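Okay, so here's the structure we're looking at.
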Amino acid sequence: GGNGAHPAQPGAARAAVLAGLPAVDLVCLYDEETPVPLLEALRPDLLIQGAGLPQADMPGAEQMQAWGGTVWMAELKGDHAAAAAPETL
């Protein structure tokens, strides 16, 4: 999925950085085209996505709103992808 840009860091490295944040309960990597099946199974309270797409076009936003979840759009710094080196997050 995504916008076709390749992450600067492998998925496991990104997941490890995010999992280390005190406010993060769970980080999941997925192989599907979109996170929708995982979101429907886990029903999280919060989904944070890079601000590369309008929220109306973001896979999973509609499902999150259906059960009262919140979607936050993370503004990307400069030309870095959301998966850029941890110091840019």
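Following the order of the structure tokens, first chain is A, next is B, and so on, with residues numbered from 1 inside each chain and ligands from 1 in the order they appear.
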
Name the residues of range 34-71 of chain A that fall into alpha helix (DSSP H) according to DSSP on the backbone, using the chain letters and numbers of this document, as a PyMOL selection string. chain A and resi 36-42+61-66

Requested write-out: N, CA, C and O atoms of the selected residues, as a short mmCIF file (atom, residue, chain, number, x, y, z; two decimals), in the first residue's frame:
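Result file follows (again04.cif):
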```
data_model
loop_
_atom_site.label_atom_id
_atom_site.label_comp_id
_atom_site.auth_asym_id
_atom_site.auth_seq_id
_atom_site.Cartn_x
_atom_site.Cartn_y
_atom_site.Cartn_z
N VAL A 36 -7.15 -2.19 6.87
CA VAL A 36 -8.55 -2.33 7.24
C VAL A 36 -8.86 -3.66 7.94
O VAL A 36 -9.49 -3.66 9.00
N PRO A 37 -8.44 -4.83 7.42
CA PRO A 37 -8.76 -6.08 8.13
C PRO A 37 -8.19 -6.11 9.56
O PRO A 37 -8.85 -6.56 10.50
N LEU A 38 -6.99 -5.59 9.74
CA LEU A 38 -6.38 -5.56 11.06
C LEU A 38 -7.12 -4.59 11.98
O LEU A 38 -7.39 -4.90 13.14
N LEU A 39 -7.48 -3.44 11.46
CA LEU A 39 -8.23 -2.47 12.25
C LEU A 39 -9.57 -3.04 12.69
O LEU A 39 -9.99 -2.87 13.84
N GLU A 40 -10.26 -3.73 11.77
CA GLU A 40 -11.55 -4.31 12.12
C GLU A 40 -11.40 -5.40 13.19
O GLU A 40 -12.28 -5.56 14.04
N ALA A 41 -10.31 -6.14 13.16
CA ALA A 41 -10.09 -7.18 14.16
C ALA A 41 -9.72 -6.60 15.52
O ALA A 41 -10.18 -7.08 16.55
N LEU A 42 -8.89 -5.55 15.54
CA LEU A 42 -8.39 -4.99 16.80
C LEU A 42 -9.25 -3.86 17.35
O LEU A 42 -9.21 -3.60 18.56
N ALA A 61 -10.14 4.89 7.88
CA ALA A 61 -10.71 6.05 8.57
C ALA A 61 -12.21 5.87 8.79
O ALA A 61 -12.73 6.14 9.87
N GLU A 62 -12.90 5.40 7.78
CA GLU A 62 -14.35 5.20 7.89
C GLU A 62 -14.68 4.17 8.98
O GLU A 62 -15.59 4.36 9.79
N GLN A 63 -13.93 3.07 9.02
CA GLN A 63 -14.15 2.04 10.02
C GLN A 63 -13.87 2.58 11.42
O GLN A 63 -14.61 2.31 12.37
N MET A 64 -12.78 3.32 11.57
CA MET A 64 -12.44 3.89 12.87
C MET A 64 -13.57 4.78 13.39
O MET A 64 -13.97 4.68 14.54
N GLN A 65 -14.09 5.62 12.53
CA GLN A 65 -15.15 6.53 12.92
C GLN A 65 -16.43 5.78 13.26
O GLN A 65 -17.18 6.18 14.15
N ALA A 66 -16.67 4.64 12.61
CA ALA A 66 -17.89 3.86 12.84
C ALA A 66 -17.97 3.36 14.29
O ALA A 66 -19.05 3.27 14.85
#
```

CA of Ala56 in chain A sits from CA of Val71 in chain A at a separation of 10.6 Å

Please determine, counting only C-alpha atoms, which residue among A:Gly50, A:Pro10, A:Gly69, A:Pro44 has the shortest atom-to-atom distance to Asp25 in chain A.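 Closest to Asp25 in chain A, using only C-alpha atoms: A:Pro44.
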
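For Glu75 in chain A, the residues within 9 Å (counting only C-alpha atoms, excluding itself and residues fewer than 4 positions away along the chain) are Gln49, Gly50, Ala51, Gly52 and Ala82 of chain A.
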
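Between CA of Gly68 in chain A and CA of Arg14 in chain A there is a distance of 27.0 Å.
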